[in-house]
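Enquirer: There's a structure below that I have some questions on.
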Amino acid sequence: MYLDANNVWHGCLRTPDGTITGYDPPGIGSGAGQGTYAAIFSGINREGAIVGEYLDGNSMWHGYLLAPDSTISEFNDPNVGPNGGGTLGINSSGTIWGWYIDVNSAFHGYLLSPDGTFTEVDAPVAGTDIYQGTTACWFTVCFGGINAGGAVTGFSVDANYVYHGFRRTPRGRFIMFDIPGAGTGTWQGTMPAAINNANAITGYYIDRNNAYHGFLATW
């Protein structure tokens with residue numbers, strides 16, 4: 001991503017030969033802070049497809065897919081509220097891992113298959129009030145990961161506003177976890193960021209003193 005002179009964000013792709021190409025979905029806003037954002041940890045797959053989100057002129061988020069042929073598709077989960085939603089990653093099969101905010105300002109995850117089917121993803125401990133829920137990232141950058149097999153990782157915010165990590169298997173089973181030392185106060189806890197094909201998960205946690213630490217979790 002890059003920020004222009006008007007403080008609008010734009011996407012960019014650097015190819016192996018050093019060529020840099022900018023891109024934007026058609027619906028981006030032109031105000032300060034609006035524009036195109038890329039998914040952070042799993043935003044490009046080996047085929048060259050790129051996912052992210054953009055902020056339109058009404059400050060609503062939308063997901064996008066930039067295909068290898070430079071075609072851009074825009075989308076949102078069918079249950080999205082007025083604040084919108086975005087993406088967390090894409091794997092080699094083209095499955096997209098994303099997030100959205102409902103009409104009550106609670107967060108939810110979703111999986112978007114290559115055929116356009118949405119699957120809702122809600123962790124067992126996710127709260128349902130404002131700023132709570134699965135992939136709840138109101139006060140932090142949205143991030144999470146998906147691997148080649150379709151397993152995803154991320155975090156949920158419970159009814160007490162504590163972060164908890166999870167891994168969801170391709171069959172839909174949730175493995176919830178909290179890193180030892182993670183705080184249990186408001187906006188503390190475990191926040192996974194990425195998952196590899198061996199299901200190893202990296203991320204960070206916030207301790208009871210609000211200090212940040214990295215972690216690696218393996219099974």
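Naming scheme: A, B, ... for chains in displayed order of the structure tokens; residues 1 onward per chain; ligands 1 onward as shown.
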Might you pull out every residue within 7 Å of Val8 of chain A, with only C-alpha atoms counted and same-chain residues fewer than 2 positions away left off, and present them as a tab-separated table (two decimals) with C-alpha atoms, in the first residue's frame?

Expert:
```
chain	number	residue	atom	x	y	z
A	3	LEU	CA	-0.44	6.93	0.79
A	4	ASP	CA	-0.81	9.74	-1.74
A	6	ASN	CA	-4.25	13.67	-0.32
A	10	HIS	CA	-3.81	2.78	-2.74
A	30	SER	CA	-11.27	9.93	-2.09
A	31	GLY	CA	-11.21	11.38	1.43
A	32	ALA	CA	-8.34	11.28	3.90
A	33	GLY	CA	-7.90	7.77	5.28
A	34	GLN	CA	-10.13	6.22	2.65
A	35	GLY	CA	-8.95	4.07	-0.25
```

Enquirer: Taking 6 positions as the minimum chain separation for residues in the same chain, which residues sit within 9 Å of segment 122-139 of chain A when counting only C-alpha atoms? Answer as a ChimeraX atom specification.

Expert: /A:98-101,104-110,154-164,166,168,174,176,187

Enquirer: Next, write the just-selected residues to a file, as a PDB file, in the first residue's frame, keeping C-alpha atoms as the atom set.

Expert:
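Saved result, again16.pdb, follows:
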```pdb
ATOM      1  CA  GLY A  98     -12.736 -12.478   5.987  1.00  0.00           C
ATOM      2  CA  TRP A  99     -14.600 -10.419   8.552  1.00  0.00           C
ATOM      3  CA  TYR A 100     -17.673  -8.215   8.753  1.00  0.00           C
ATOM      4  CA  ILE A 101     -19.537  -6.020  11.219  1.00  0.00           C
ATOM      5  CA  ASN A 104     -25.301  -4.227  16.130  1.00  0.00           C
ATOM      6  CA  SER A 105     -21.592  -3.448  15.574  1.00  0.00           C
ATOM      7  CA  ALA A 106     -20.565  -6.990  16.540  1.00  0.00           C
ATOM      8  CA  PHE A 107     -17.926  -8.792  14.458  1.00  0.00           C
ATOM      9  CA  HIS A 108     -18.144 -12.105  12.601  1.00  0.00           C
ATOM     10  CA  GLY A 109     -15.847 -14.157  10.408  1.00  0.00           C
ATOM     11  CA  TYR A 110     -16.697 -15.707   7.069  1.00  0.00           C
ATOM     12  CA  GLY A 154      -7.808 -15.460  14.363  1.00  0.00           C
ATOM     13  CA  PHE A 155      -9.116 -14.073  17.603  1.00  0.00           C
ATOM     14  CA  SER A 156     -12.465 -13.386  19.193  1.00  0.00           C
ATOM     15  CA  VAL A 157     -13.542 -10.890  21.822  1.00  0.00           C
ATOM     16  CA  ASP A 158     -15.756 -12.270  24.580  1.00  0.00           C
ATOM     17  CA  ALA A 159     -18.497 -10.579  26.620  1.00  0.00           C
ATOM     18  CA  ASN A 160     -15.820  -9.109  28.938  1.00  0.00           C
ATOM     19  CA  TYR A 161     -13.801  -7.656  26.027  1.00  0.00           C
ATOM     20  CA  VAL A 162     -10.955 -10.158  26.397  1.00  0.00           C
ATOM     21  CA  TYR A 163      -9.163 -11.569  23.304  1.00  0.00           C
ATOM     22  CA  HIS A 164      -8.982 -15.352  22.791  1.00  0.00           C
ATOM     23  CA  PHE A 166      -8.719 -19.946  17.906  1.00  0.00           C
ATOM     24  CA  ARG A 168     -10.864 -23.581  12.987  1.00  0.00           C
ATOM     25  CA  PHE A 174     -12.874 -24.838  16.816  1.00  0.00           C
ATOM     26  CA  MET A 176      -9.752 -22.280  21.390  1.00  0.00           C
ATOM     27  CA  TRP A 187      -8.549  -5.555  25.665  1.00  0.00           C
TER      28      TRP A 187
END
```

Enquirer: Just to confirm, what's the straight-line distance from atom CA of Pro78 of chain A to atom CA of Trp61 of chain A in Å (one decimal)?

Expert: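 Between atom CA of Pro78 of chain A and atom CA of Trp61 of chain A the gap works out to 13.5 Å.
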
Enquirer: What's around Thr218 of chain A at 7 Å? Count only C-alpha atoms, leave out sequence neighbours fewer than 5 positions away in its own chain, and write the answer as a short mmCIF file (atom, residue, chain, number, x, y, z; two decimals) with C-alpha atoms, in the first residue's frame.

Expert:
```cif
data_model
loop_
_atom_site.label_atom_id
_atom_site.label_comp_id
_atom_site.auth_asym_id
_atom_site.auth_seq_id
_atom_site.Cartn_x
_atom_site.Cartn_y
_atom_site.Cartn_z
CA ASN A 199 -1.02 -25.67 11.62
CA ALA A 200 1.68 -23.78 13.53
CA ILE A 201 0.32 -20.40 14.59
#
```

Enquirer: Fewer than 2 positions away in the same chain doesn't count, so skip those; otherwise give me all residues within 12 Å of Gly86 of chain A, counting only C-alpha atoms, as a PyMOL selection string.

Expert: chain A and resi 36-40+43+51-55+60-65+74-77+80+83-84+88-90+96-101+107-112+135-137+141-144

Enquirer: Find the spatial neighbours of Pro68 of chain A, counting only C-alpha atoms, within a cut-off of 7 Å - ignore same-chain residues fewer than 3 positions away - and output them as a PyMOL selection string.

Expert: chain A and resi 47-49

Enquirer: Could you list, as a list in words, every residue within 9 Å of Ala182 of chain A, counting only C-alpha atoms and ignoring same-chain residues fewer than 5 positions away?

Expert: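 After dropping sequence-adjacent residues, the list is Gln188, Gly189, Thr190, Tyr205, Ile206, Asp207, Arg208 and His213 of chain A.
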
Enquirer: Output N, CA and C atoms for every residue in the selection just made, as a short mmCIF file (atom, residue, chain, number, x, y, z; two decimals), in the first residue's frame.

Expert:
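The file below, result_12.cif, is the result:
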```
data_model
loop_
_atom_site.label_atom_id
_atom_site.label_comp_id
_atom_site.auth_asym_id
_atom_site.auth_seq_id
_atom_site.Cartn_x
_atom_site.Cartn_y
_atom_site.Cartn_z
N GLN A 188 -7.15 -7.22 26.73
CA GLN A 188 -5.97 -8.05 26.89
C GLN A 188 -6.27 -9.45 26.34
N GLY A 189 -5.22 -10.28 26.21
CA GLY A 189 -5.44 -11.65 25.79
C GLY A 189 -4.60 -12.05 24.59
N THR A 190 -5.07 -13.09 23.88
CA THR A 190 -4.32 -13.78 22.83
C THR A 190 -4.83 -13.39 21.45
N TYR A 205 0.40 -11.69 22.24
CA TYR A 205 -0.56 -11.59 23.33
C TYR A 205 -0.23 -10.36 24.17
N ILE A 206 -1.24 -9.89 24.86
CA ILE A 206 -1.13 -8.71 25.73
C ILE A 206 -1.27 -9.20 27.16
N ASP A 207 -0.26 -8.92 27.99
CA ASP A 207 -0.29 -9.42 29.36
C ASP A 207 -1.08 -8.49 30.28
N ARG A 208 -1.11 -8.83 31.56
CA ARG A 208 -1.93 -8.07 32.51
C ARG A 208 -1.43 -6.65 32.73
N HIS A 213 3.70 -9.31 23.66
CA HIS A 213 4.68 -10.38 23.50
C HIS A 213 4.30 -11.21 22.27
#
```

Enquirer: Can you work out which one of A:Thr119, A:Asn79, A:Asn58, A:Thr87 has the shortest atom-to-atom distance to Asp102 of chain A, counting only C-alpha atoms?

Expert: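 Closest to Asp102 of chain A, using only C-alpha atoms: A:Asn79.
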
Enquirer: With only C-alpha atoms as the basis for distance, which of A:Ser42, A:Thr140, A:Asn7, A:Ser70 is at the shortest distance from Gly94 of chain A?

Expert: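 Closest candidate: A:Ser42.
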
Enquirer: Between atom CA of Asp69 of chain A and atom CA of Ser113 of chain A, what is the distance in Å, rounded to a tenth?

Expert: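 Value for the atom CA of Asp69 of chain A-atom CA of Ser113 of chain A distance: 18.7 Å.
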